[in-house]
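Note sheet for the following structure.
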Amino acid sequence: MADKRTQKPRRGSSSRPGDARPKAAARSKAGGPGGGRPRDDKRSDGPRDGVSGPKPAAAGARTAPRARPDRKPADRPAPDKRGDVQQQAPIRPLIKRSGALPGQTAPLILETGNEDGYQLLDMGLNETGQGEKLEQYGSLRIVRPEAQALWSRGLPDSEWTKADAVFTGDTDEDGIGRWAFPNVPLGETWPMKLLGVDFHGRLTSFRHVGVFPEQIAHWRWMADRITDSRRPLKVLNLFGYTGVASLVAAKAGAEVTHVDASKKAIGWARENQALARLEDKPIRWICEDAMKFIAREERRGNRYDIILTDPPKFGRGPNGEVWQLFEHLPLMLDICRELLSDKPVGLVLTAYSIRASFYATHELLRETMRGAGGRVESGELIIRESGKPEADECRALSTSLFSRWLPQ
């Protein structure tokens with residue numbers, strides 16, 4: 001529920017492109033394009049879905065935290081108690097690779113700045129000494145906790161008080177909370193657009209909004225490769241969350257397979273496909289445990305030109321499958337290598353909220369691609385402020401680690 005600065009969000013109306021305010025998500029009929037009212041979240045600010053994890057509640061509602069699979073910016077509570085976790089036998093042994101290691105570029109910083117549809121306006125400490133960030137998502141100005149903002153705000157308080165929604169409550173990375181609406185009560189969703197793709201933003205109890213803008217750097221790279229390839233490309237998007245990356249790839253001309261273990265995330269992605277008017281594009285929406293899916297694809301001999309994988313550090317699949325990043329990532333990448341086509345374009349890994357250097361994923365991916373040639377690039381995804389009049393005053397926020405293998 002909202003705090004004393006708010007009123008209950010209005011519900012019952014559907015979102016329309018161009019509407020400046022979020023609308024409450026309308027229930028889809030069974031079998032309809034929306035497939036229900038997904039409210040899952042993932043990623044760096046909190047829990048996500050991709051194996052399966054916490055199901056964030058509607059804006060303003062209280063829920064109990066649950067371990068998440070998928071963000072994914074996009075969201076998983078830290079699993080401190082794992083007494084009920086049973087170790088699973090590996091799907092198959094790792095393949096012993098031979099040959100030379102790929103070339104390398106590290107560190108590489110991929111930056112997102114002022115995008116049409118997103119801006120990081122400012123960051124800094126509030127009056128209680130807590131770090132926060134001020135962002136513009138489409139028509140909505142949002143304030144959320146940001147532990148890395150250890151400095152003073154760069155913009156005057158008058159800019160921060162213009163916020164439409166402020167996340168309050170638990171400021172821990174994996175904590176849940178609620179949204180306050182200082183000016184006008186808002187609903188749950190609102191229309192957004194990035195890289196020419198329309199989709200729904202959604203205020204969730206894990207502080208996320210359904211998209212992680214730092215990923216634009218990977219999406220733009222992928223769209224350019226698809227457009228320039230002059231041949232049909234197949235893209236596999238593992239832990240695909242709300243489907244924005246899948247829609248970017250499909251819009252560029254690729255045939256896409258999108259995998260996420262959360263039914264609600266898949267439903268949200270289908271809603272986004274309808275809003276983006278891309279229903280005629282070849283996208284397979286697969287609700288399944290990611291490891292089980294890729295193991296079956298390997299056995300079937302299916303291959304992909306581009307593979308995106310954005311796993312959580314911990315999660316559960318729809319049938320209780322357990323995902324733990326440091327235990328399962330080597331085999332996941334090993335299988336992904338076998339899924340690459342004879343003329344691959346790239347394999348991209350993003351890792352959020354882990355206690356490791358990008359060199360860990362860098363060396364793992366190089367070893368995985370031993371004998372395949374090409375190059376492994378690794379580093380950090382950052383977002384640069386774009387709300388300051390002077391470019392030198394625009395600070396950067398590191399959001400995640402990444403490694404990607406390119407054939408040349």
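Residues in the structure tokens are named by chain (A, B, ... in the order shown) and by number from 1 within that chain; ligands are numbered from 1 in the order shown.
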Identify all residues of stretch 89-214 of chain A in alpha helix (DSSP H) (DSSP on the backbone) and supply them as a VMD selection string.
chain A and resid 157 to 160
Contacts of A:Tyr118 at 6 Å (only C-alpha atoms; same-chain gap of 3+ positions) as a compact mmCIF listing (two decimals) with all heavy atoms, in the first residue's frame:
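As a result, part.txt now contains:
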```
# COMPACT_ATOMS: atom_id res chain seq x y z
N GLU A 115 19.27 8.47 -24.11
CA GLU A 115 18.52 7.73 -25.10
C GLU A 115 17.14 8.33 -25.29
O GLU A 115 16.59 8.94 -24.37
CB GLU A 115 18.39 6.26 -24.67
CG GLU A 115 19.69 5.52 -24.58
CD GLU A 115 20.29 5.20 -25.95
OE1 GLU A 115 19.54 5.21 -26.94
OE2 GLU A 115 21.51 4.95 -26.01
N GLN A 136 14.46 9.21 -15.92
CA GLN A 136 13.31 9.51 -16.76
C GLN A 136 13.04 8.29 -17.63
O GLN A 136 13.85 7.91 -18.48
CB GLN A 136 13.59 10.73 -17.65
CG GLN A 136 12.38 11.23 -18.42
CD GLN A 136 11.43 12.04 -17.55
OE1 GLN A 136 11.87 12.74 -16.65
NE2 GLN A 136 10.14 11.95 -17.82
N TYR A 137 11.92 7.62 -17.40
CA TYR A 137 11.49 6.48 -18.20
C TYR A 137 10.28 6.89 -19.02
O TYR A 137 9.16 6.94 -18.51
CB TYR A 137 11.12 5.29 -17.31
CG TYR A 137 12.29 4.54 -16.74
CD1 TYR A 137 12.82 4.86 -15.50
CD2 TYR A 137 12.86 3.48 -17.44
CE1 TYR A 137 13.88 4.16 -14.96
CE2 TYR A 137 13.93 2.76 -16.91
CZ TYR A 137 14.43 3.11 -15.68
OH TYR A 137 15.50 2.41 -15.16
```
For A:Gly131, which residue among A:Met291, A:Ile91, A:Leu397, A:Ala223 is the nearest when counting only C-alpha atoms?
A:Leu397
With a distance cut-off of 12 Å and only C-alpha atoms, select the neighbouring residues of A:Ile95, excluding the residue or stretch itself and same-chain residues fewer than 5 positions from it, and output the selection as a ChimeraX atom specification.
/A:330-338,367-370
Could you save those same residues with N, CA and C atoms as an mmCIF file, in the first residue's frame?
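File selection38.cif, as written:
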```cif
data_model
loop_
_atom_site.group_PDB
_atom_site.id
_atom_site.type_symbol
_atom_site.label_atom_id
_atom_site.label_comp_id
_atom_site.auth_asym_id
_atom_site.auth_seq_id
_atom_site.Cartn_x
_atom_site.Cartn_y
_atom_site.Cartn_z
ATOM 1 N N PRO A 330 29.425 -22.508 -15.857
ATOM 2 C CA PRO A 330 30.343 -23.161 -16.806
ATOM 3 C C PRO A 330 29.632 -24.111 -17.770
ATOM 4 N N LEU A 331 28.712 -24.936 -17.252
ATOM 5 C CA LEU A 331 28.018 -25.871 -18.129
ATOM 6 C C LEU A 331 27.054 -25.145 -19.059
ATOM 7 N N MET A 332 26.396 -24.085 -18.552
ATOM 8 C CA MET A 332 25.488 -23.330 -19.416
ATOM 9 C C MET A 332 26.234 -22.758 -20.621
ATOM 10 N N LEU A 333 27.405 -22.149 -20.375
ATOM 11 C CA LEU A 333 28.175 -21.593 -21.485
ATOM 12 C C LEU A 333 28.694 -22.695 -22.403
ATOM 13 N N ASP A 334 29.068 -23.829 -21.825
ATOM 14 C CA ASP A 334 29.559 -24.953 -22.610
ATOM 15 C C ASP A 334 28.485 -25.434 -23.587
ATOM 16 N N ILE A 335 27.253 -25.531 -23.105
ATOM 17 C CA ILE A 335 26.154 -25.949 -23.987
ATOM 18 C C ILE A 335 25.862 -24.857 -25.012
ATOM 19 N N CYS A 336 25.913 -23.596 -24.579
ATOM 20 C CA CYS A 336 25.661 -22.492 -25.524
ATOM 21 C C CYS A 336 26.659 -22.516 -26.676
ATOM 22 N N ARG A 337 27.914 -22.863 -26.381
ATOM 23 C CA ARG A 337 28.888 -22.957 -27.478
ATOM 24 C C ARG A 337 28.421 -23.993 -28.503
ATOM 25 N N GLU A 338 27.916 -25.122 -28.022
ATOM 26 C CA GLU A 338 27.452 -26.167 -28.944
ATOM 27 C C GLU A 338 26.217 -25.731 -29.720
ATOM 28 N N GLU A 367 37.962 -19.749 -21.967
ATOM 29 C CA GLU A 367 38.199 -21.190 -21.873
ATOM 30 C C GLU A 367 37.085 -21.969 -22.578
ATOM 31 N N THR A 368 35.851 -21.490 -22.434
ATOM 32 C CA THR A 368 34.718 -22.133 -23.107
ATOM 33 C C THR A 368 34.892 -22.110 -24.614
ATOM 34 N N MET A 369 35.429 -21.013 -25.144
ATOM 35 C CA MET A 369 35.562 -20.846 -26.588
ATOM 36 C C MET A 369 36.958 -21.219 -27.089
ATOM 37 N N ARG A 370 37.714 -21.923 -26.268
ATOM 38 C CA ARG A 370 39.049 -22.372 -26.679
ATOM 39 C C ARG A 370 38.945 -23.155 -27.997
#
```
Test item: residues at most 10 Å from stretch 342-351 of chain A, only C-alpha atoms, excluding those fewer than 3 positions along its chain, as a ChimeraX atom specification:
/A:43-44,71-73,215,218,222,225-226,229,233-238,303-313,325,329,333,336-337,339,354,356,358,361-362,365,369,374-381,399-408
Of the listed residues A:Asp224, A:Glu214, A:Glu271, A:Glu288, that which approaches A:Phe239 most closely, counting only C-alpha atoms:
A:Glu288
Pick from A:Leu194, A:Ala149, A:Ala217, A:Leu247 nearest to A:Leu110, counting only C-alpha atoms:
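Once distances to A:Leu110 are computed over only C-alpha atoms, the minimum belongs to A:Ala217.
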Among A:Gly253, A:Gly138, A:Gly113, A:Gly301, A:Pro191 is approached most closely, using only C-alpha atoms, by A:Gly138
To one decimal in Å, tell me the separation between atom CA of A:Ser262 and atom CA of A:Glu327.
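Distance between the two atoms: 21.4 Å.
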Among listed residues A:Glu159, A:Asp164, A:Glu297, A:Glu188, nearest A:Asp122 (using only C-alpha atoms)
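Comparing A:Glu159, A:Asp164, A:Glu297, A:Glu188 against A:Asp122, the winner is A:Glu159.
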Enumerate the residues of stretch 354-390 of chain A with a DSSP assignment of strand (DSSP E or B), computed from the backbone, and present them as a list in words.
Arg375, Val376, Glu377, Ser378, Gly379, Glu380, Leu381, Ile382, Ile383, Arg384 and Glu385 of chain A
Fewer than 2 positions away in the same chain doesn't count, so skip those; otherwise give me all residues within 8 Å of A:Leu203, counting only C-alpha atoms, as a compact mmCIF listing (two decimals) with N, CA, C and O atoms, in the first residue's frame.
```
# COMPACT_ATOMS: atom_id res chain seq x y z
N ALA A 58 1.52 -5.93 -7.43
CA ALA A 58 1.10 -4.69 -8.06
C ALA A 58 1.69 -3.52 -7.30
O ALA A 58 2.01 -3.62 -6.12
N ALA A 59 1.79 -2.37 -7.98
CA ALA A 59 2.36 -1.18 -7.36
C ALA A 59 1.61 -0.88 -6.08
O ALA A 59 0.40 -0.83 -6.05
N TRP A 179 5.70 2.01 -3.77
CA TRP A 179 5.87 3.25 -4.51
C TRP A 179 5.00 4.34 -3.90
O TRP A 179 3.84 4.13 -3.59
N GLU A 188 -0.40 1.22 -12.56
CA GLU A 188 0.72 0.28 -12.53
C GLU A 188 1.59 0.34 -13.77
O GLU A 188 2.80 0.12 -13.69
N THR A 189 1.04 0.59 -14.93
CA THR A 189 1.80 0.53 -16.17
C THR A 189 1.71 1.84 -16.95
O THR A 189 0.81 2.66 -16.74
N GLY A 201 6.17 -0.12 -19.37
CA GLY A 201 6.86 -0.02 -18.10
C GLY A 201 5.88 -0.40 -17.01
O GLY A 201 4.67 -0.24 -17.17
N SER A 205 7.05 -4.15 -6.93
CA SER A 205 7.44 -4.05 -5.52
C SER A 205 8.92 -4.30 -5.30
O SER A 205 9.42 -4.12 -4.20
N ARG A 207 11.16 -2.60 -7.02
CA ARG A 207 11.70 -1.32 -7.50
C ARG A 207 11.99 -1.28 -9.00
O ARG A 207 12.39 -0.25 -9.52
N HIS A 208 11.79 -2.37 -9.72
CA HIS A 208 12.10 -2.37 -11.15
C HIS A 208 10.91 -1.92 -11.98
O HIS A 208 9.78 -1.87 -11.50
N VAL A 209 11.19 -1.64 -13.25
CA VAL A 209 10.15 -1.13 -14.12
C VAL A 209 10.02 -1.94 -15.41
O VAL A 209 9.33 -1.53 -16.34
N GLY A 210 10.67 -3.10 -15.48
CA GLY A 210 10.50 -3.98 -16.63
C GLY A 210 11.52 -3.83 -17.73
O GLY A 210 11.43 -4.51 -18.76
```
Counting only C-alpha atoms, the residue of A:His258, A:Lys193, A:Lys162, A:Arg231 that sits nearest A:Ser246:
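That would be A:His258, the residue with the smallest distance to A:Ser246.
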Point-to-point distance in Å for atom CA of A:Phe314 and atom CA of A:Thr257:
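Rounded to one decimal, the two atoms are 22.7 Å apart.
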Give me the residues near stretch 277-280 of chain A as a PyMOL selection string, where near means some atom within 12 Å (using only C-alpha atoms) and where sequence neighbours in that chain fewer than 6 positions away do not count.
chain A and resi 17+33-34+196-199+243-244+246-253+255+269-271
